[in-house]
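Participant: I'd like to ask you about the structure that follows.
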Amino acid sequence: MWRMLASLAMIGVMVGASAQAEPPSRPTGSLVVLRPDRVFDGVDPSAHVGWSVVVRGDRIEAVGPSDSIKVPEGARTIDLAGRTLLPGLFDLHTHVLLHPYDEAAWDDQVLKEPLSLRVCRATNHLKSTLESGFTTIRDLGTEGAGYADVGIRRAVDQAIVAGPRMLVVTRAIVATGSYAPKGFAPEWTIPQGAEEADGVDALIRVVRDQIGRGADWIKVYADTAMGGGPVRPSFSVEELRRIVETAGSVGVKVAAHATSKEGMRRAAIAGVATIEHGDEGDDEVFRLMATRKVVLCPTLAAIEAGAKRRGYRPGVDPEPERLHRARENLKKAMAAGVVIANGSDMGVFPHGEGARELELLVSSGMTPSSAILSATSVAARVIGAEDRLGAIRPGLLADLVSVDGDPTA
């Protein structure tokens with residue numbers, strides 16, 4: 001179904017702008033009428049056949065049945081016959097400074113690729129992401145590239161490079177000794193792919209420092225595999241709670257990497273906004289997430305990509321156990337009432353292929369409409385941008401894409 005995004009047409013007048021800053025507006029008198037076969041407005045689960053959209057400058061002026069909309073004098077009409085108009089899509093878990101691990105191992109990217117090379121490569125990643133219909137991303141960690149995401153975000157905001165609007169976290173936060181690269185002789189101190197901190201005082205300092213350097217969100221690793229062992233929680237509930245409180249005091253939300261049940265439980269109790277991955281969730285922890293209104297970003301596409309690197313052939317080989325478990329966990333989360341937001345971990349697999357996450361959400365039990373909503377209005381609410389993005393409504397930014405056919409079918 002979502003392969004139709006390969007022929008996607010960008011018609012947004014608002015692409016490439018930060019969710020934190022308003023982009024340069026089109027001339028006030030610029031008028032465009034879009035006439036697709038149908039409009040999926042990002043709110044209703046059904047597409048509206050025979051609707052049109054009027055755009056003035058960078059805002060949606062009117063939307064509704066074509067025969068009820070008066071075409072303003074001097075407006076330019078764009079015929080989108082055979083296509084569906086959608087709000088620009090969101091991916092709430094990307095890494096623009098990474099490229100697929102079958103091209104270069106994560107350790108090699110962090111330790112051997114110059115920062116300048118990684119930034120240049122990231123500009124291509126942004127272009128591919130934008131051209132595939134994703135107009136907003138939350139980039140969850142530079143993986144050894146310091147604060148480069150802040151500068152890249154500014155380059156997009158200033159239209160120096162083409163890309164989706166970006167929310168960034170800079171270095172992410174990990175417990176000392178818990179991240180990577182690892183496996184070196186203990187007498188050597190190796191640069192890490194995230195920022196190490198321990199204890200309440202140090203964590204408060206790091207959170208404030210990252211926000212001061214430009215982080216829109218804070219990302220913390222609630223669990224990791226210490227010393228190559230099994231995944232275990234890496235911070236106490238109190239440490240996680242102080243991260244959330246410190247960030248929240250200046251209006252910044254927290255995303256938590258968590259794959260173990262206990263890591264997820266601690267993160268949810270601490271009040272994080274989103275949990276990434278959630279591999280070992282069960283009915284109990286998903287009920288807790290639902291009660292505390294913690295959103296899940298499943299990142300199924302990254303799990304599938306890892307299996308493919310190990311030789312898995314979708315549709316030919318039996319599904320790997322981890323991917324099967326992730327699919328079952330998604331069903332448990334939905335049954336518990338957990339809000340699902342689209343987040344793919346793009347960068348682990350090729351940028352520009354983010355629609356694969358939507359395909360996997362659908363094949364794991366979501367309806368096509370629910371999957372699209374998870375990448376539009378639901379995601380917009382998660383980042384607090386529902387007053388500007390995520391739906392086709394008068395007054396919102398004209399952040400729009402079109403695709404062949406009817407993706408809700």
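Chain labels A, B, ... are given in the sequence in which chains occur in the structure tokens; within each chain residues are numbered consecutively from 1, and ligands are likewise numbered from 1 in the order shown.
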Mind the document's chain letters and residue numbers, and return as a list in words the residues of segment 101-200 of chain A that DSSP labels strand (DSSP E).
Facilitator: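 Checking each residue of segment 101-200 of chain A, the strand (DSSP E) ones are Phe134, Thr135, Thr136, Ile137, Arg138, Asp139, Arg165, Met166, Leu167, Val168, Ile173, Val174, Glu195 and Glu196 of chain A.
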Participant: Could you write out that same residue set with C-alpha atoms as a CSV table (one decimal), in the first residue's frame?
Facilitator:
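Wrote it out as again.csv, contents follow:
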chain,number,residue,atom,x,y,z
A,134,PHE,CA,8.2,13.4,5.7
A,135,THR,CA,8.1,17.1,6.5
A,136,THR,CA,8.8,16.9,10.3
A,137,ILE,CA,11.2,14.8,12.1
A,138,ARG,CA,12.4,14.4,15.7
A,139,ASP,CA,16.1,13.4,15.5
A,165,ARG,CA,11.6,20.8,10.0
A,166,MET,CA,13.7,19.2,12.8
A,167,LEU,CA,13.4,18.8,16.5
A,168,VAL,CA,16.8,17.7,18.0
A,173,ILE,CA,22.2,11.0,28.0
A,174,VAL,CA,23.6,7.7,29.1
A,195,GLU,CA,26.9,12.0,26.9
A,196,GLU,CA,27.6,10.2,30.2
Participant: Using DSSP on the backbone coordinates, identify all residues within segment 205-242 of chain A classified as alpha helix (DSSP H); present the result as a PyMOL selection string.
Facilitator: chain A and resi 205-212+237-242
Participant: Give the answer as one residue: which of A:Leu85, A:Leu92, A:Ile204, A:Val156 has the shortest atom-to-atom distance to Ile383 of chain A, using only C-alpha atoms?
Facilitator: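 For Ile383 of chain A, the nearest of the candidates is A:Leu92.
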Participant: Kindly give the distance, in Å, that separates atom CA of Val403 of chain A and atom CA of Leu86 of chain A, rounded to a single decimal.
Facilitator: 7.8 Å
Participant: Report as CSV: every residue of segment 324-349 of chain A with an atom at most 9 Å from segment 296-306 of chain A, its closest pair of atoms, and their distance in Å to one decimal, counting only C-alpha atoms, with rows sorted by chain and ascending residue number.
Facilitator:
residue,atom,partner,partner_atom,distance
A:Ala326,CA,A:Leu300,CA,6.9
A:Arg327,CA,A:Leu300,CA,7.7
A:Asn329,CA,A:Pro298,CA,8.9
A:Leu330,CA,A:Pro298,CA,7.1
A:Ala333,CA,A:Leu296,CA,8.1
A:Val338,CA,A:Leu296,CA,6.9
A:Val339,CA,A:Leu296,CA,6.3
A:Ile340,CA,A:Leu296,CA,5.1
A:Ala341,CA,A:Cys297,CA,5.3
A:Asn342,CA,A:Cys297,CA,5.9
A:Gly343,CA,A:Cys297,CA,5.0
A:Ser344,CA,A:Thr299,CA,4.1
A:Asp345,CA,A:Thr299,CA,5.6
A:Met346,CA,A:Ala302,CA,7.1
A:Gly347,CA,A:Ala302,CA,8.6
A:Val348,CA,A:Ala302,CA,6.1
A:Phe349,CA,A:Ala305,CA,6.0
Participant: In Å, how far is it from atom CA of Ser30 of chain A to atom CA of Arg393 of chain A?
Facilitator: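 It comes out at 18.1 Å.
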Participant: Report as a list in words all protein, DNA and RNA residues lying within 10 Å of Gln109 of chain A, evaluated on only C-alpha atoms, omitting residues in the same chain fewer than 4 positions from it.
Facilitator: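 Answer for this query is Leu97, Leu98, His99, Pro100, Tyr101, Glu103, Ala104, Ala105, Glu113, Pro114, Leu115, Leu117, Arg118, Glu143, Gly144, Ala145 and Gly193 of chain A.
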Participant: Excluding Lys127 of chain A and any residue of its chain fewer than 4 positions from it, enumerate the residues within 12 Å of it, using only C-alpha atoms, and give them as an MDAnalysis selection string.
Facilitator: chainID A and resid 10 15:16 96 120:123 131:135 156 159:165 351:353
Participant: Write a file of the just-selected residues containing C-alpha atoms, as a CSV table (one decimal), in the first residue's frame.
Facilitator:
chain,number,residue,atom,x,y,z
A,10,MET,CA,5.6,17.6,-2.7
A,15,VAL,CA,8.5,22.4,4.0
A,16,GLY,CA,11.9,22.7,5.5
A,96,VAL,CA,20.1,12.0,10.2
A,120,CYS,CA,27.6,16.5,4.3
A,121,ARG,CA,26.0,13.0,4.2
A,122,ALA,CA,23.2,14.3,6.5
A,123,THR,CA,22.2,16.9,4.0
A,131,GLU,CA,11.1,14.0,-0.9
A,132,SER,CA,9.5,10.8,0.6
A,133,GLY,CA,6.8,12.9,2.2
A,134,PHE,CA,8.2,13.4,5.7
A,135,THR,CA,8.1,17.1,6.5
A,156,VAL,CA,17.2,23.9,7.2
A,159,ALA,CA,16.8,27.3,3.6
A,160,ILE,CA,20.5,26.6,3.1
A,161,VAL,CA,19.7,22.9,2.7
A,162,ALA,CA,16.4,21.3,1.8
A,163,GLY,CA,14.9,19.2,4.6
A,164,PRO,CA,12.0,18.6,7.0
A,165,ARG,CA,11.6,20.8,10.0
A,351,HIS,CA,16.7,7.7,4.8
A,352,GLY,CA,13.8,8.2,2.5
A,353,GLU,CA,12.3,4.8,3.3
Participant: May I have the residues within 9 Å of segment 243-249 of chain A as a list in words, using only C-alpha atoms and disregarding those fewer than 3 positions away in the same chain?
Facilitator: Val200, Leu203, Ile204, Val207, Arg208, Ile211, Trp217, Ile218, Val220, Glu238, Glu239, Leu240, Val252, Lys253, Val254, Ala270, Gly271, Val272 and Ala273 of chain A
Participant: By how many Å are atom CA of Ser370 of chain A and atom CA of Gly354 of chain A apart?
Facilitator: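 Computed distance, atom CA of Ser370 of chain A to atom CA of Gly354 of chain A, equals 16.2 Å.
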Participant: Extract, using only C-alpha atoms, all DNA, RNA and protein residues at most 7 Å from Ala268 of chain A, discarding same-chain residues fewer than 6 positions from it, and format them as a list in words.
Facilitator: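 My reading of the contact set: Met289, Arg292 and Val294 of chain A.
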Participant: Using only C-alpha atoms, pick whichever of A:Ser234, A:Thr367, A:Thr84, A:Gln158 has the shortest atom-to-atom distance to Gly199 of chain A.
Facilitator: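 Distance minimum relative to Gly199 of chain A lands on A:Ser234.
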Participant: Point out the residue among A:Leu389, A:Ala307, A:Leu111, A:Ile60 with the least atom-to-atom distance to Pro191 of chain A, counting only C-alpha atoms.
Facilitator: A:Leu111
Participant: Tell me which of A:Arg241, A:Arg322, A:Arg287, A:Arg171 sits closest to Gln210 of chain A, counting only C-alpha atoms.
Facilitator: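 Looking only at the distances to Gln210 of chain A, the closest residue turns out to be A:Arg171.
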Participant: Smallest atom-to-atom distance to Ala256 of chain A: which of A:Thr274, A:Ser68, A:Ser363, A:Ser52, using only C-alpha atoms?
Facilitator: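 Nearest to Ala256 of chain A: A:Thr274.
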Participant: Could you pull the residues within 8 Å of Ser66 of chain A, counting only C-alpha atoms, minus those fewer than 6 positions along the same chain, as a compact mmCIF listing (two decimals) with C-alpha atoms, in the first residue's frame?
Facilitator:
# COMPACT_ATOMS: atom_id res chain seq x y z
CA ARG A 35 -7.91 19.59 -6.45
CA GLY A 50 -14.22 15.37 -4.03
CA TRP A 51 -12.72 17.89 -1.61
CA SER A 52 -10.46 20.80 -2.51
Participant: Could you tell me which of A:Gly228, A:Pro87, A:Gly405, A:Gly281 comes closest to Arg38 of chain A if we count only C-alpha atoms?
Facilitator: A:Gly405
